[in-house]
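work.txt follows; it contains compact mmCIF, C-alpha atoms.
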```txt
# COMPACT_ATOMS: atom_id res chain seq x y z
CA MET A 1 63.24 -20.34 170.05
CA ARG A 2 61.19 -20.57 173.24
CA MET A 3 62.93 -23.82 174.20
CA LYS A 4 66.32 -22.21 173.61
CA ILE A 5 65.48 -19.24 175.84
CA SER A 6 64.16 -21.58 178.54
CA LEU A 7 67.34 -23.66 178.37
CA GLN A 8 69.50 -20.57 178.68
CA THR A 9 67.51 -19.51 181.75
CA GLU A 10 67.95 -22.90 183.37
CA LEU A 11 71.67 -22.92 182.63
CA GLY A 12 72.02 -19.56 184.27
CA ASN A 13 70.49 -20.97 187.47
CA PHE A 14 73.09 -23.74 187.58
CA GLN A 15 75.72 -21.30 188.83
CA ASN A 16 74.36 -22.22 192.28
CA ARG A 17 75.45 -25.68 193.47
CA GLN A 18 72.29 -26.15 195.49
CA THR A 19 70.37 -26.02 192.23
CA ILE A 20 72.36 -29.04 191.02
CA TYR A 21 71.14 -31.21 193.92
CA THR A 22 67.58 -29.98 193.48
CA PHE A 23 67.79 -30.75 189.78
CA ALA A 24 69.16 -34.26 190.44
CA LEU A 25 66.44 -34.96 193.00
CA LYS A 26 63.68 -33.81 190.69
CA MET A 27 65.02 -35.75 187.71
CA SER A 28 65.48 -38.86 189.85
CA PHE A 29 61.95 -38.61 191.24
CA LEU A 30 60.52 -38.06 187.77
CA ALA A 31 62.41 -41.03 186.29
CA VAL A 32 61.35 -43.38 189.10
CA THR A 33 57.75 -42.23 188.94
CA LEU A 34 57.60 -42.81 185.18
CA SER A 35 59.19 -46.26 185.53
CA SER A 36 56.71 -47.20 188.27
CA VAL A 37 53.79 -46.13 186.09
CA ALA A 38 55.25 -48.12 183.19
CA ILE A 39 55.52 -51.23 185.39
CA VAL A 40 51.96 -50.91 186.61
CA LEU A 41 50.71 -50.54 183.02
CA LEU A 42 52.85 -53.31 181.45
CA LEU A 43 52.61 -56.08 184.04
CA PRO A 44 48.83 -56.82 183.68
CA PRO A 45 49.06 -57.66 179.93
CA ILE A 46 52.11 -59.85 180.66
CA TYR A 47 50.20 -61.58 183.47
CA TRP A 48 47.21 -62.22 181.19
CA LEU A 49 49.56 -63.77 178.67
CA GLY A 50 50.81 -66.13 181.37
CA ALA A 51 54.37 -64.87 181.20
CA LEU A 52 54.70 -63.84 184.86
CA PRO A 53 56.33 -66.42 187.17
CA VAL A 54 54.78 -64.77 190.25
CA PRO A 55 51.32 -63.44 191.12
CA LEU A 56 50.44 -60.06 189.58
CA ALA A 57 50.26 -58.24 192.92
CA ASP A 58 53.70 -59.50 193.94
CA ALA A 59 55.16 -58.61 190.54
CA VAL A 60 53.82 -55.06 190.81
CA VAL A 61 55.25 -54.63 194.32
CA TYR A 62 58.64 -56.07 193.33
CA GLY A 63 58.78 -53.97 190.16
CA VAL A 64 57.93 -50.71 191.92
CA VAL A 65 60.37 -51.35 194.78
CA LEU A 66 63.19 -52.22 192.38
CA SER A 67 62.48 -49.20 190.21
CA TRP A 68 62.77 -46.94 193.22
CA LEU A 69 65.93 -48.62 194.48
CA ILE A 70 67.84 -49.25 191.28
CA GLY A 71 66.21 -46.67 189.03
CA GLY A 72 66.45 -44.01 191.71
CA ILE A 73 70.17 -44.57 192.22
CA VAL A 74 70.98 -44.76 188.51
CA SER A 75 68.81 -41.83 187.42
CA GLY A 76 69.92 -39.74 190.40
CA SER A 77 73.58 -40.35 189.61
CA LEU A 78 73.11 -39.50 185.95
CA ALA A 79 71.11 -36.38 186.80
CA LEU A 80 73.82 -35.31 189.26
CA LEU A 81 76.50 -35.70 186.60
CA ALA A 82 74.37 -33.78 184.12
CA GLY A 83 73.80 -31.07 186.73
CA TYR A 84 77.53 -30.68 187.37
CA ALA A 85 78.18 -30.53 183.64
CA MET A 86 75.58 -27.78 183.26
CA HIS A 87 77.06 -26.01 186.28
CA GLN A 88 80.47 -25.93 184.63
CA LEU A 89 78.91 -24.77 181.37
CA SER A 90 76.98 -22.04 183.15
CA VAL A 91 80.05 -20.79 185.04
CA SER A 92 82.16 -20.88 181.87
CA ARG A 93 79.50 -18.97 179.98
CA ALA A 94 79.28 -16.34 182.72
CA GLU A 95 83.07 -15.97 182.77
CA PHE A 96 83.20 -15.69 178.99
CA GLU A 97 80.44 -13.09 179.02
CA GLN A 98 82.35 -11.11 181.65
CA LEU A 99 85.58 -11.31 179.65
CA SER A 100 83.81 -10.23 176.47
CA ARG A 101 82.65 -7.07 178.27
CA THR A 102 85.94 -6.25 180.02
CA ASP A 103 89.08 -4.56 178.72
CA VAL A 104 91.92 -6.98 179.48
CA LEU A 105 94.64 -4.39 180.20
CA SER A 106 92.72 -1.87 182.29
CA GLY A 107 90.10 -4.12 183.87
CA LEU A 108 87.42 -1.54 183.03
CA PRO A 109 84.32 -2.28 180.96
CA ASN A 110 85.13 -2.18 177.25
CA ARG A 111 83.43 -0.23 174.47
CA ARG A 112 80.75 -2.89 174.02
CA ALA A 113 79.75 -2.81 177.69
CA PHE A 114 79.93 1.00 177.71
CA THR A 115 77.64 1.22 174.67
CA GLU A 116 75.12 -1.01 176.42
CA ALA A 117 75.34 1.17 179.53
CA LEU A 118 74.65 4.25 177.40
CA GLU A 119 71.37 2.72 176.26
CA GLY A 120 70.23 2.40 179.86
CA ILE A 121 70.65 6.08 180.76
CA ASP A 122 67.33 7.83 181.34
CA GLY A 123 68.05 10.33 184.11
CA GLN A 124 70.23 13.32 184.87
CA ALA A 125 73.67 12.42 183.52
CA CYS A 126 76.45 13.50 181.20
CA LEU A 127 78.94 11.71 179.00
CA ALA A 128 82.64 12.50 179.37
CA ILE A 129 85.29 11.28 176.95
CA PHE A 130 88.88 11.37 178.19
CA ASP A 131 92.10 11.20 176.19
CA VAL A 132 95.64 10.99 177.58
CA ASP A 133 97.59 13.90 176.12
CA ARG A 134 100.57 13.05 173.92
CA PHE A 135 100.32 9.37 174.68
CA LYS A 136 102.36 8.44 171.61
CA THR A 137 105.25 10.48 173.02
CA ILE A 138 105.11 8.43 176.21
CA ASN A 139 105.27 5.19 174.24
CA ASP A 140 108.08 6.46 172.04
CA ARG A 141 110.15 7.84 174.90
CA PHE A 142 109.63 5.28 177.66
CA GLY A 143 108.42 2.18 175.81
CA HIS A 144 105.12 0.38 175.55
CA ALA A 145 105.44 -1.20 178.99
CA CYS A 146 105.36 2.28 180.51
CA GLY A 147 102.52 3.18 178.19
CA ASP A 148 100.57 0.21 179.53
CA ALA A 149 101.34 1.34 183.08
CA VAL A 150 99.86 4.74 182.25
CA ILE A 151 96.70 3.11 180.88
CA VAL A 152 96.34 1.01 184.03
CA ALA A 153 96.87 4.03 186.29
CA VAL A 154 94.36 6.17 184.40
CA ALA A 155 91.83 3.33 184.52
CA ALA A 156 92.25 2.97 188.28
CA ALA A 157 91.83 6.70 188.81
CA LEU A 158 88.68 6.86 186.69
CA ALA A 159 87.21 3.78 188.35
CA ALA A 160 87.77 5.41 191.75
CA SER A 161 86.34 8.74 190.57
CA PHE A 162 83.18 7.38 188.97
CA GLY A 163 81.65 4.78 191.22
CA GLY A 164 78.09 4.08 192.27
CA LYS A 165 75.63 4.66 189.43
CA SER A 166 78.33 6.24 187.26
CA VAL A 167 80.30 4.06 184.85
CA ALA A 168 83.88 4.40 183.58
CA ALA A 169 85.20 2.40 180.63
CA ARG A 170 88.15 2.13 178.27
CA LEU A 171 86.99 2.88 174.76
CA GLY A 172 90.27 1.92 173.08
CA GLY A 173 93.90 3.01 173.02
CA GLU A 174 94.38 5.96 175.37
CA GLU A 175 90.70 6.97 175.19
CA PHE A 176 88.31 6.46 178.10
CA GLY A 177 84.68 7.27 178.70
CA ALA A 178 82.52 7.91 181.74
CA ILE A 179 78.78 8.18 182.26
CA VAL A 180 78.52 10.61 185.14
CA VAL A 181 75.20 10.35 186.93
CA GLY A 182 73.93 13.13 189.18
CA GLU A 183 71.23 15.77 189.44
CA ALA A 184 73.40 18.90 189.39
CA ARG A 185 75.11 19.67 186.11
CA GLU A 186 77.89 21.73 187.69
CA ALA A 187 78.60 18.94 190.17
CA ARG A 188 79.01 16.47 187.30
CA ILE A 189 81.40 18.82 185.49
CA GLU A 190 83.37 19.32 188.69
CA GLN A 191 83.62 15.55 189.12
CA VAL A 192 85.17 15.21 185.66
CA ARG A 193 87.49 18.10 186.32
CA ALA A 194 88.60 16.62 189.66
CA ALA A 195 89.40 13.27 188.01
CA CYS A 196 91.64 14.95 185.42
CA ALA A 197 93.30 17.12 188.08
CA MET A 198 94.05 14.08 190.24
CA LEU A 199 95.79 12.37 187.32
CA ALA A 200 97.91 15.45 186.65
CA GLU A 201 98.96 15.90 190.27
CA ARG A 202 100.85 12.67 190.72
CA ALA A 203 103.46 10.98 188.57
CA ILE A 204 103.05 7.39 187.41
CA VAL A 205 106.10 5.32 188.32
CA ALA A 206 107.09 2.54 185.90
CA ASP A 207 110.47 0.97 185.05
CA GLY A 208 112.34 3.52 187.13
CA CYS A 209 110.62 6.45 185.42
CA ALA A 210 108.19 8.96 186.89
CA ILE A 211 105.80 9.82 184.09
CA GLU A 212 103.72 12.95 184.52
CA ILE A 213 100.62 13.02 182.37
CA THR A 214 97.72 15.29 181.61
CA VAL A 215 94.31 14.32 180.36
CA SER A 216 91.87 16.24 178.19
CA ALA A 217 88.12 15.63 178.34
CA GLY A 218 84.97 16.58 176.48
CA ILE A 219 81.54 16.61 178.11
CA ALA A 220 78.04 16.40 176.64
CA GLU A 221 74.69 16.23 178.38
CA PHE A 222 72.02 13.56 178.05
CA GLY A 223 68.55 14.96 177.55
CA ALA A 224 65.00 14.04 176.69
CA GLY A 225 64.61 13.34 172.99
CA ARG A 226 68.36 13.41 172.40
CA SER A 227 69.85 10.25 170.91
CA LYS A 228 72.84 8.56 172.51
CA GLU A 229 74.68 8.94 169.20
CA ALA A 230 74.17 12.71 169.31
CA VAL A 231 75.47 12.88 172.89
CA TYR A 232 78.54 10.83 172.00
CA SER A 233 79.23 12.98 168.95
CA ALA A 234 78.92 16.18 171.00
CA ALA A 235 81.29 14.87 173.69
CA ASP A 236 83.77 13.82 171.03
CA LYS A 237 83.67 17.29 169.46
CA ALA A 238 84.16 18.87 172.87
CA LEU A 239 87.21 16.67 173.40
CA TYR A 240 88.56 17.71 170.00
CA LEU A 241 88.11 21.34 171.06
CA ALA A 242 89.97 20.67 174.31
CA LYS A 243 92.87 19.29 172.28
CA ALA A 244 92.77 22.23 169.86
CA LEU A 245 92.85 24.73 172.75
CA GLY A 246 96.12 23.27 173.96
CA ARG A 247 95.18 20.04 175.77
CA ASN A 248 95.22 19.58 179.54
CA ARG A 249 91.68 20.82 180.03
CA VAL A 250 88.02 19.89 180.24
CA VAL A 251 85.62 21.41 177.72
CA HIS A 252 81.83 21.23 177.96
CA GLU A 253 79.83 21.03 174.74
CA ASP A 254 78.28 24.43 175.48
CA GLU A 255 81.65 26.09 174.94
CA GLY A 256 81.54 25.03 171.32
CA LEU A 257 78.23 26.85 170.95
CA GLN A 258 79.66 30.11 172.28
CA PRO A 259 82.84 30.86 170.29
CA GLY A 260 82.93 34.54 171.29
CA ARG A 261 82.86 33.79 174.98
CA ARG A 262 85.36 30.96 174.54
CA ARG A 263 87.77 33.24 172.70
CA ASN A 264 87.53 35.93 175.35
CA SER A 265 88.03 33.51 178.22
CA THR A 266 90.95 31.86 176.46
CA GLU A 267 92.65 35.23 176.09
CA ASN A 268 92.34 35.60 179.86
CA GLY A 269 94.25 32.36 180.38
CA HIS A 270 91.49 29.83 180.97
CA ALA A 271 88.44 28.51 179.14
CA LYS A 272 85.18 29.43 180.83
CA ALA A 273 84.40 27.62 184.09
CA VAL A 274 85.39 24.12 183.13
CA GLU A 275 88.99 24.45 181.97
CA ILE A 276 91.60 22.88 184.22
CA GLY A 277 94.54 25.10 185.10
CA TYR A 278 97.44 22.73 185.65
CA GLY A 279 100.56 21.85 183.73
CA GLY A 280 102.01 18.53 182.82
CA GLY A 281 104.53 16.67 180.75
CA VAL A 282 106.85 13.69 181.01
CA LYS A 283 110.15 13.39 182.75
CA ASN A 284 112.63 10.60 183.23
CA THR A 285 114.04 10.03 186.71
CA GLY A 286 116.05 6.99 185.73
```
Would you mind writing the file out in structure tokens?
Amino acid sequence: MRMKISLQTELGNFQNRQTIYTFALKMSFLAVTLSSVAIVLLLPPIYWLGALPVPLADAVVYGVVLSWLIGGIVSGSLALLAGYAMHQLSVSRAEFEQLSRTDVLSGLPNRRAFTEALEGIDGQACLAIFDVDRFKTINDRFGHACGDAVIVAVAAALAASFGGKSVAARLGGEEFGAIVVGEAREARIEQVRAACAMLAERAIVADGCAIEITVSAGIAEFGAGRSKEAVYSAADKALYLAKALGRNRVVHEDEGLQPGRRRNSTENGHAKAVEIGYGGGVKNTG
């Protein structure tokens, strides 16, 4: 196991071409040194047996010089080839690892990468789960190519909205997630709200159609002693509540804990302080 880990570490270093030349030089030097030592150790017994056609001192000098000339060239060439092979393997492995963590359509991190990112959260942050409203209607009305264009546009908007220490990812289908990092809770909520508002304010043009979308989102807070599973579940429930309240809004998990206040604020036309007040739909300009 230790040898395997060491090999993986070395392969990772071979992404740098300079490491290849260093590796070839070291391997060549090691091979020549070992061959020189072998010559020095083997020639005396051969000399004592009377099998050397030249004096021992001359044989040692000739053997060492030839090992450095011939052995150095041969071993250096082989080490260089091996280094290039490991370089290609290392680059291919890095590319494969990147692909395995990236959603092909959107270019965002996929669910696997997002789950790993969740495990690394230890500061002030919240989890937001986004869902494109009535996405099936878009696919049915405009076709899957337009649906893909919507996914790409939403991904680009979320990537632009949640940069730096924050992370946006596509979780699957029309569902996205974001780890929003920041000290102020209200600022994090406002950031999620602004991302959804930006998506609703501009139509997505694809195949001669201008597709207006809205996005619903649920937010849950990370906290000391709270498992990542619990945070994800709370954000998912908040998203479900946003859908149940009519879509096109952002709901924080705290709203689900205060049904009386939520009912009163809904009667007044908006849900607490985190609901988004904008309309949306789809229209065909073709």
- Item | Distance criterion (all atoms listed in the file): nearest to Phe29 (chain A) out of A:Leu49, A:Pro55, A:Ser77, A:Glu190 |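 Closest candidate: A:Ser77.
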- Message: Ranking A:Val167, A:Val132, A:Met27, A:Ala149 by minimum distance to Arg111 (chain A) and counting all atoms listed in the file, which one comes first?
- Response: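 So, comparing all the options, the nearest one is A:Val167.
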- Item | From A:Val32, A:Ala203, A:Leu245, A:Leu171, residue lying nearest Val104 (chain A) [all atoms listed in the file] | A:Leu171
- Message: Report, in Å with one decimal, the straight-line distance from CA of Arg247 (chain A) to CA of Thr137 (chain A).
- Response: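 Computing the Euclidean distance for CA of Arg247 (chain A) and CA of Thr137 (chain A) yields 14.2 Å.
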- Query: Hey, can you pull every residue with an atom no more than 10 Å from (80.1, -1.0, 176.0), using all atoms listed in the file, and send it as a list of chain:residue names?
  - Reply: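 The residues that fall inside the cut-off are A:Ser100, A:Arg101, A:Thr102, A:Pro109, A:Asn110, A:Arg111, A:Arg112, A:Ala113, A:Phe114, A:Thr115, A:Glu116, A:Ala117, A:Leu118, A:Glu119, A:Ala169, A:Arg170, A:Leu171, A:Gly177.
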- Message: For a test of reading the model, state the distance in Å between CA of Lys228 (chain A) and CA of Ala125 (chain A), rounded to one decimal.
- Response: 11.7 Å
- Taking into account all atoms listed in the file, which residue in the set A:Ala200, A:Ala217, A:Val251, A:Val205 is nearest to Ile129 (chain A)?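 Among A:Ala200, A:Ala217, A:Val251, A:Val205, it is A:Ala217 that comes nearest to Ile129 (chain A).
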- Query: Which residue out of A:Ser106, A:Ser166, A:Asn139, A:Thr33 has the minimum interatomic distance to Gly123 (chain A) when all atoms listed in the file are used?
  - Reply: A:Ser166
- Query: Of the candidates A:Ile179, A:Ala234, A:Cys196, A:Val65, which shows the shortest atom-to-atom distance to Ser36 (chain A), using only C-alpha atoms?
  - Reply: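 The closest residue to Ser36 (chain A) is A:Val65.
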- Item | Two-atom distance - CA of Gly63 (chain A), CA of Ile46 (chain A) (Å) |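 Spanning CA of Gly63 (chain A) to CA of Ile46 (chain A) is a straight-line distance of 13.0 Å.
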- Message: Given the point (82.2, 14.9, 172.1) in the file's coordinates, find the residues that have an atom at most 7 Å from it, counting only C-alpha atoms, and give them as a VMD selection string.
- Response: chain A and resid 129 218 to 220 232 to 239
If you keep C-alpha atoms, can you produce a file of those selected residues as a PDB file, keeping the file's coordinate frame?
```pdb
ATOM      1  CA  ILE A 129      85.290  11.280 176.950  1.00  0.00           C
ATOM      2  CA  GLY A 218      84.970  16.580 176.480  1.00  0.00           C
ATOM      3  CA  ILE A 219      81.540  16.610 178.110  1.00  0.00           C
ATOM      4  CA  ALA A 220      78.040  16.400 176.640  1.00  0.00           C
ATOM      5  CA  TYR A 232      78.540  10.830 172.000  1.00  0.00           C
ATOM      6  CA  SER A 233      79.230  12.980 168.950  1.00  0.00           C
ATOM      7  CA  ALA A 234      78.920  16.180 171.000  1.00  0.00           C
ATOM      8  CA  ALA A 235      81.290  14.870 173.690  1.00  0.00           C
ATOM      9  CA  ASP A 236      83.770  13.820 171.030  1.00  0.00           C
ATOM     10  CA  LYS A 237      83.670  17.290 169.460  1.00  0.00           C
ATOM     11  CA  ALA A 238      84.160  18.870 172.870  1.00  0.00           C
ATOM     12  CA  LEU A 239      87.210  16.670 173.400  1.00  0.00           C
TER      13      LEU A 239
END
```
